[in-house]
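Participant: First the structure, which I've put down as structure tokens, then a few questions once you've had a look.
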Amino acid sequence: MQTEFPPSRAEGLERLRDFVPHAGRDYAVRRNHDEPGHANVSRLSPYIRHRIVTEDEVLQAVLGRFAPATAEKFVQEMFWRTYFKGWLEMRPSVWTAYRAGLARAQDRLATEGGLRKGWERACAGATGIAPLDHWARELVETGYLNNHARMWFASIWTFTLGLPWELGADFFLRHLLDGDPASNTLGWRWVVGLHTPGKVYVARASNITKHTGGRFGEVLGLATDPAPAEGPANPPCGAPPVSEPWEASARTGLVLTEDDLSPGWLLDDGLAPVTTAVAAGVPHRSPLAVAPHVHAFTREAVADARARYGARLGQPGPETGLAPGETRAAQTEALVAWARAHRLEQVVAPYPPVGPSADAFGDIRDALLAEGVRVATPIRPFDQRAWPHATHGFFRFKGRIPSLLGAIRGLRAA
Ligand SMILES: Cc1cc2nc3c(=O)[nH]c(=O)nc-3n(C[C@H](O)[C@H](O)[C@H](O)COP(=O)(O)OP(=O)(O)OC[C@H]3O[C@@H](n4cnc5c(N)ncnc54)[C@H](O)[C@@H]3O)c2cc1C
């Protein structure tokens, strides 16, 4: 596949530079349009999701150009990501419940022929619903979809085709270059009426026609008055995760995950690893095979991070969680062997958030502790400040945006 998303920081920064002049009113007016090429939105999500470019940097660049009121829509969209990350951190059982629901839906595929055919047709872009078929193919071919297309897709998948939403979320997670356990799981739950209980997002034919320039012709047969998907109520909000500080004097190995490929904030703070390994969770995004372009993007983004930080990362350690089919047991074993070989007293990893990274890192942490190696997972200041506010709906969280912006270095308080 000829990627439209070269996995390097240089590319992410160039995109950001090109997009900044459009992040004000242009974005507010045009963001909901599904335009070929997607020049109306930033297309930064694969870079932000892996923190090849960080939220602070994007917000600084945009608010360096526009007043907060002019860039309000874009800033809010950026904070949807942060809100979802924080919301899931304080309710990790929603991720586990999604995986359990997915396993049940996959069992049904094995025994219900009709469901299996419907699922296969939807994934192949062969349902006969022209826009849905287009988006399914676009997703598989490019690893990206516009936000509005994701909403329409999730709605049609669930309410018109009657397919379990977890199978759709899994289809997305296997193909999206920005596939993120929080934004994806909660984005789907939001559409199907689980995140805001009882409130569903209904894909309307007229809305699709209006925002796609009518290029799919008349869209017929969409569900018009669907009931919310069934599922357990949102669990109560737990405590936010705690940032674990590292010990400056310990012989340290750094572990990178695919959630934070810019460890400069740790290195600038005095972290001096003798070696750096990688513990990604790409094969663990799904029980099924993850698309080759997702593996390739993450692998090359890791190589780019190594090249950027060079000797500051110490000696190169094993790169795990990047290859198709690699098991969590093999990953843990490789990292324990690495810690032994380098006589590490401490392993530091930027906090692995709920999802495949945390799932994989949980095993690794236990195994390292059993070897007497100290483990520290510091949380980025941006997340530490914002996540605890994701207690209720986005509306309440939104009220915190001015003070969160005020805390970003170099930004005037909004
Ligand atoms: C069903 C569904 C699944 C989704 N799955 C993912 C996912 O796996 N990973 C992912 O990063 N986003 C996901 N999103 C959110 C959103 O669609 C993408 O972030 C956005 O389309 C990325 O394109 P962009 O970078 O051009 O966005 P822009 O419109 O330019 O927005 C800038 C940035 O803000 C953030 N953002 C924008 N909209 C949202 C949103 N609604 N929710 C969360 N963050 C947002 C992203 O980091 C994005 O890069 C999903 C949305 C839905 C409805």
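By convention here, the chains of the structure tokens are called A, B, ... in the order presented, each chain's residues are numbered starting at 1, and ligands are numbered starting at 1 in the order presented.
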Give the residues close to ligand 1, within 6 Å, counting only C-alpha atoms and all ligand atoms; write them as a PyMOL selection string.

Facilitator: chain A and resi 41-45+48-49+77-78+80-81+146-147+150-151+154+178-180+183-184+187-188

Participant: Pull N, CA and C atoms from the residues just selected and write them as an mmCIF file, in the first residue's frame.

Facilitator:
data_model
loop_
_atom_site.group_PDB
_atom_site.id
_atom_site.type_symbol
_atom_site.label_atom_id
_atom_site.label_comp_id
_atom_site.auth_asym_id
_atom_site.auth_seq_id
_atom_site.Cartn_x
_atom_site.Cartn_y
_atom_site.Cartn_z
ATOM 1 N N VAL A 41 -9.559 18.726 7.063
ATOM 2 C CA VAL A 41 -9.232 18.390 8.459
ATOM 3 C C VAL A 41 -7.709 18.189 8.550
ATOM 4 N N SER A 42 -7.207 17.981 9.760
ATOM 5 C CA SER A 42 -5.742 18.007 9.911
ATOM 6 C C SER A 42 -5.064 16.724 9.428
ATOM 7 N N ARG A 43 -5.753 15.596 9.471
ATOM 8 C CA ARG A 43 -5.164 14.269 9.199
ATOM 9 C C ARG A 43 -3.910 14.050 10.064
ATOM 10 N N LEU A 44 -3.997 14.533 11.291
ATOM 11 C CA LEU A 44 -2.874 14.375 12.218
ATOM 12 C C LEU A 44 -3.052 13.179 13.153
ATOM 13 N N SER A 45 -4.230 12.546 13.115
ATOM 14 C CA SER A 45 -4.537 11.568 14.162
ATOM 15 C C SER A 45 -3.521 10.426 14.298
ATOM 16 N N ILE A 48 -0.738 12.005 16.345
ATOM 17 C CA ILE A 48 -1.099 12.351 17.724
ATOM 18 C C ILE A 48 -1.310 11.066 18.540
ATOM 19 N N ARG A 49 -1.950 10.092 17.927
ATOM 20 C CA ARG A 49 -2.243 8.846 18.649
ATOM 21 C C ARG A 49 -0.957 8.160 19.148
ATOM 22 N N GLU A 77 -12.247 19.563 19.616
ATOM 23 C CA GLU A 77 -12.063 18.218 19.041
ATOM 24 C C GLU A 77 -10.799 17.569 19.595
ATOM 25 N N MET A 78 -9.743 18.360 19.727
ATOM 26 C CA MET A 78 -8.501 17.831 20.318
ATOM 27 C C MET A 78 -8.782 17.296 21.729
ATOM 28 N N TRP A 80 -11.603 16.161 22.852
ATOM 29 C CA TRP A 80 -12.409 14.938 22.879
ATOM 30 C C TRP A 80 -11.491 13.732 23.094
ATOM 31 N N ARG A 81 -10.343 13.780 22.421
ATOM 32 C CA ARG A 81 -9.396 12.665 22.579
ATOM 33 C C ARG A 81 -8.964 12.539 24.046
ATOM 34 N N ASN A 146 -12.594 10.110 7.779
ATOM 35 C CA ASN A 146 -13.027 11.364 8.391
ATOM 36 C C ASN A 146 -13.951 11.061 9.590
ATOM 37 N N ASN A 147 -13.985 11.945 10.565
ATOM 38 C CA ASN A 147 -14.794 11.704 11.769
ATOM 39 C C ASN A 147 -16.274 11.491 11.458
ATOM 40 N N ARG A 150 -16.871 8.149 10.122
ATOM 41 C CA ARG A 150 -16.810 7.119 11.181
ATOM 42 C C ARG A 150 -18.153 7.041 11.910
ATOM 43 N N MET A 151 -18.754 8.217 12.153
ATOM 44 C CA MET A 151 -20.045 8.230 12.859
ATOM 45 C C MET A 151 -21.132 7.586 12.009
ATOM 46 N N ALA A 154 -20.519 3.746 11.807
ATOM 47 C CA ALA A 154 -20.863 3.002 13.027
ATOM 48 C C ALA A 154 -22.376 2.897 13.180
ATOM 49 N N ASP A 178 -4.697 5.330 13.266
ATOM 50 C CA ASP A 178 -4.818 6.016 14.557
ATOM 51 C C ASP A 178 -5.581 5.165 15.574
ATOM 52 N N GLY A 179 -5.793 3.878 15.261
ATOM 53 C CA GLY A 179 -6.621 2.998 16.107
ATOM 54 C C GLY A 179 -6.257 3.132 17.581
ATOM 55 N N ASP A 180 -7.196 3.591 18.361
ATOM 56 C CA ASP A 180 -6.913 3.909 19.759
ATOM 57 C C ASP A 180 -7.990 3.275 20.639
ATOM 58 N N SER A 183 -10.480 6.303 22.040
ATOM 59 C CA SER A 183 -11.283 7.029 21.050
ATOM 60 C C SER A 183 -12.157 6.077 20.244
ATOM 61 N N ASN A 184 -11.635 4.906 19.932
ATOM 62 C CA ASN A 184 -12.413 3.987 19.101
ATOM 63 C C ASN A 184 -13.536 3.327 19.897
ATOM 64 N N GLY A 187 -15.916 6.035 20.980
ATOM 65 C CA GLY A 187 -16.583 6.602 19.795
ATOM 66 C C GLY A 187 -17.731 5.695 19.358
ATOM 67 N N TRP A 188 -17.471 4.402 19.298
ATOM 68 C CA TRP A 188 -18.542 3.451 18.937
ATOM 69 C C TRP A 188 -19.637 3.436 19.997
#

Participant: Pick out the residues sitting within 10 Å of segment 56-63 of chain A, and hand them over as a PDB file with C-alpha atoms, in the first residue's frame; count only C-alpha atoms, and ignore anything fewer than 4 positions along from it in its own chain.

Facilitator:
ATOM      1  CA  LEU A  13       5.274  18.578  11.773  1.00  0.00           C
ATOM      2  CA  LEU A  16       0.769  20.590  11.304  1.00  0.00           C
ATOM      3  CA  ARG A  17       2.442  23.595   9.644  1.00  0.00           C
ATOM      4  CA  PHE A  19      -2.920  22.789   8.565  1.00  0.00           C
ATOM      5  CA  VAL A  20      -2.522  25.630  11.094  1.00  0.00           C
ATOM      6  CA  PRO A  21      -3.822  28.397   8.768  1.00  0.00           C
ATOM      7  CA  HIS A  22      -7.037  26.343   8.326  1.00  0.00           C
ATOM      8  CA  ALA A  23      -7.646  25.510  12.000  1.00  0.00           C
ATOM      9  CA  GLY A  24      -9.907  28.515  12.643  1.00  0.00           C
ATOM     10  CA  LEU A  44      -2.874  14.375  12.218  1.00  0.00           C
ATOM     11  CA  ILE A  48      -1.099  12.351  17.724  1.00  0.00           C
ATOM     12  CA  ALA A  67      -7.493  33.411  19.317  1.00  0.00           C
ATOM     13  CA  PRO A  68      -9.066  30.599  21.385  1.00  0.00           C
ATOM     14  CA  ALA A  69     -12.562  31.726  20.341  1.00  0.00           C
ATOM     15  CA  THR A  70     -11.670  31.444  16.628  1.00  0.00           C
ATOM     16  CA  ALA A  71     -10.095  27.983  17.021  1.00  0.00           C
ATOM     17  CA  GLU A  72     -12.692  26.834  19.560  1.00  0.00           C
ATOM     18  CA  PHE A  74     -10.641  22.537  16.663  1.00  0.00           C
ATOM     19  CA  VAL A  75      -9.468  22.860  20.271  1.00  0.00           C
ATOM     20  CA  MET A  78      -8.501  17.831  20.318  1.00  0.00           C
ATOM     21  CA  PHE A  79      -9.875  17.625  23.835  1.00  0.00           C
ATOM     22  CA  PHE A 382      -0.713  17.076  30.093  1.00  0.00           C
ATOM     23  CA  LEU A 405      -4.799  25.494  28.013  1.00  0.00           C
ATOM     24  CA  ALA A 407      -1.210  25.283  31.952  1.00  0.00           C
ATOM     25  CA  ILE A 408       0.499  24.573  28.621  1.00  0.00           C
ATOM     26  CA  ARG A 409       3.883  26.257  28.469  1.00  0.00           C
ATOM     27  CA  GLY A 410       3.949  29.202  26.087  1.00  0.00           C
ATOM     28  CA  LEU A 411       0.163  29.563  25.849  1.00  0.00           C
ATOM     29  CA  ARG A 412      -1.662  32.579  27.165  1.00  0.00           C
ATOM     30  CA  ALA A 414      -7.653  31.366  27.380  1.00  0.00           C
TER      31      ALA A 414
END

Participant: Enumerate, as number ranges by chain, the complete set of residues in segment 195-324 of chain A that a backbone-based DSSP assignment places in alpha helix (DSSP H).

Facilitator: A: 205-211, 264-267, 292-309

Participant: Name the closest residue to Pro316 of chain A among the candidates A:Gly253, A:Ser286, A:Tyr351, A:Glu300; distances are taken between atoms, counting only C-alpha atoms.

Facilitator: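 Comparing A:Gly253, A:Ser286, A:Tyr351, A:Glu300 against Pro316 of chain A, the winner is A:Gly253.
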
Participant: Please determine, counting only C-alpha atoms, which residue among A:Pro287, A:Gly321, A:Leu186, A:Thr82 has the shortest atom-to-atom distance to Arg385 of chain A.

Facilitator: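 Closest to Arg385 of chain A of all the choices is A:Thr82.
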
Participant: Write out as a list of chain:residue names each polymer residue whose atoms come within 8 Å of Ser262 of chain A, counting only C-alpha atoms; drop sequence neighbours fewer than 5 positions from it.

Facilitator: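 Surrounding residues, per the criterion: A:Arg51, A:Ile52, A:Val53, A:Thr54, A:Ala305.
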
Participant: Could you work out how far atom CA of Ala126 of chain A lies from atom CA of Gly217 of chain A, giving the answer in Å with one decimal?

Facilitator: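 Here the two named atoms are 16.5 Å from each other.
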
Participant: From the list A:Leu256, A:Ala339, A:Ala239, A:Ile364, which residue is nearest Met90 of chain A when using only C-alpha atoms?

Facilitator: A:Ala239

Participant: Taking the DSSP secondary structure from the backbone, can you list the residues of segment 204-385 of chain A that are strand (DSSP E), as a ChimeraX atom specification?

Facilitator: /A:252-256,275-279,315-320,346-348,374-376

Participant: Would you output that residue set with C-alpha atoms, as an mmCIF file, in the first residue's frame?

Facilitator:
data_model
loop_
_atom_site.group_PDB
_atom_site.id
_atom_site.type_symbol
_atom_site.label_atom_id
_atom_site.label_comp_id
_atom_site.auth_asym_id
_atom_site.auth_seq_id
_atom_site.Cartn_x
_atom_site.Cartn_y
_atom_site.Cartn_z
ATOM 1 C CA THR A 252 17.751 2.242 34.109
ATOM 2 C CA GLY A 253 16.232 0.772 30.978
ATOM 3 C CA LEU A 254 13.574 2.747 29.104
ATOM 4 C CA VAL A 255 10.608 1.015 27.478
ATOM 5 C CA LEU A 256 8.767 2.757 24.663
ATOM 6 C CA THR A 275 19.327 0.919 27.020
ATOM 7 C CA THR A 276 15.887 1.307 25.422
ATOM 8 C CA ALA A 277 13.485 -1.476 24.443
ATOM 9 C CA VAL A 278 10.051 -1.359 22.842
ATOM 10 C CA ALA A 279 6.892 -2.969 24.222
ATOM 11 C CA GLN A 315 21.965 0.811 23.624
ATOM 12 C CA PRO A 316 19.131 -0.539 21.481
ATOM 13 C CA GLY A 317 17.128 -3.252 23.236
ATOM 14 C CA PRO A 318 14.554 -5.682 21.799
ATOM 15 C CA GLU A 319 11.564 -4.382 19.867
ATOM 16 C CA THR A 320 8.511 -6.335 20.935
ATOM 17 C CA GLN A 346 14.870 -0.040 37.152
ATOM 18 C CA VAL A 347 12.642 -0.008 34.078
ATOM 19 C CA VAL A 348 10.834 3.212 33.184
ATOM 20 C CA ARG A 374 11.911 -1.597 40.029
ATOM 21 C CA VAL A 375 9.221 -0.374 37.583
ATOM 22 C CA ALA A 376 8.096 3.245 37.160
#

Participant: Using only C-alpha atoms, find the one residue out of A:Gly113, A:Gly281, A:Gly101, A:Gly221 that sits nearest to Ala169 of chain A.

Facilitator: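 Checking each of A:Gly113, A:Gly281, A:Gly101, A:Gly221 against Ala169 of chain A, counting only C-alpha atoms, the winner is A:Gly101.
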
Participant: Compare A:Pro197, A:Pro46, A:Pro263, A:Gly314 by their minimum atom-to-atom distance to Tyr144 of chain A, counting only C-alpha atoms, and give me the closest one.

Facilitator: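 Distance minimum relative to Tyr144 of chain A lands on A:Pro46.
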
Participant: Have a look at A:Ser206, A:Asp225, A:His211, A:Pro131 and name the one nearest to Asn40 of chain A; count only C-alpha atoms.

Facilitator: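 Of A:Ser206, A:Asp225, A:His211, A:Pro131, the one nearest Asn40 of chain A is A:His211, counting only C-alpha atoms.
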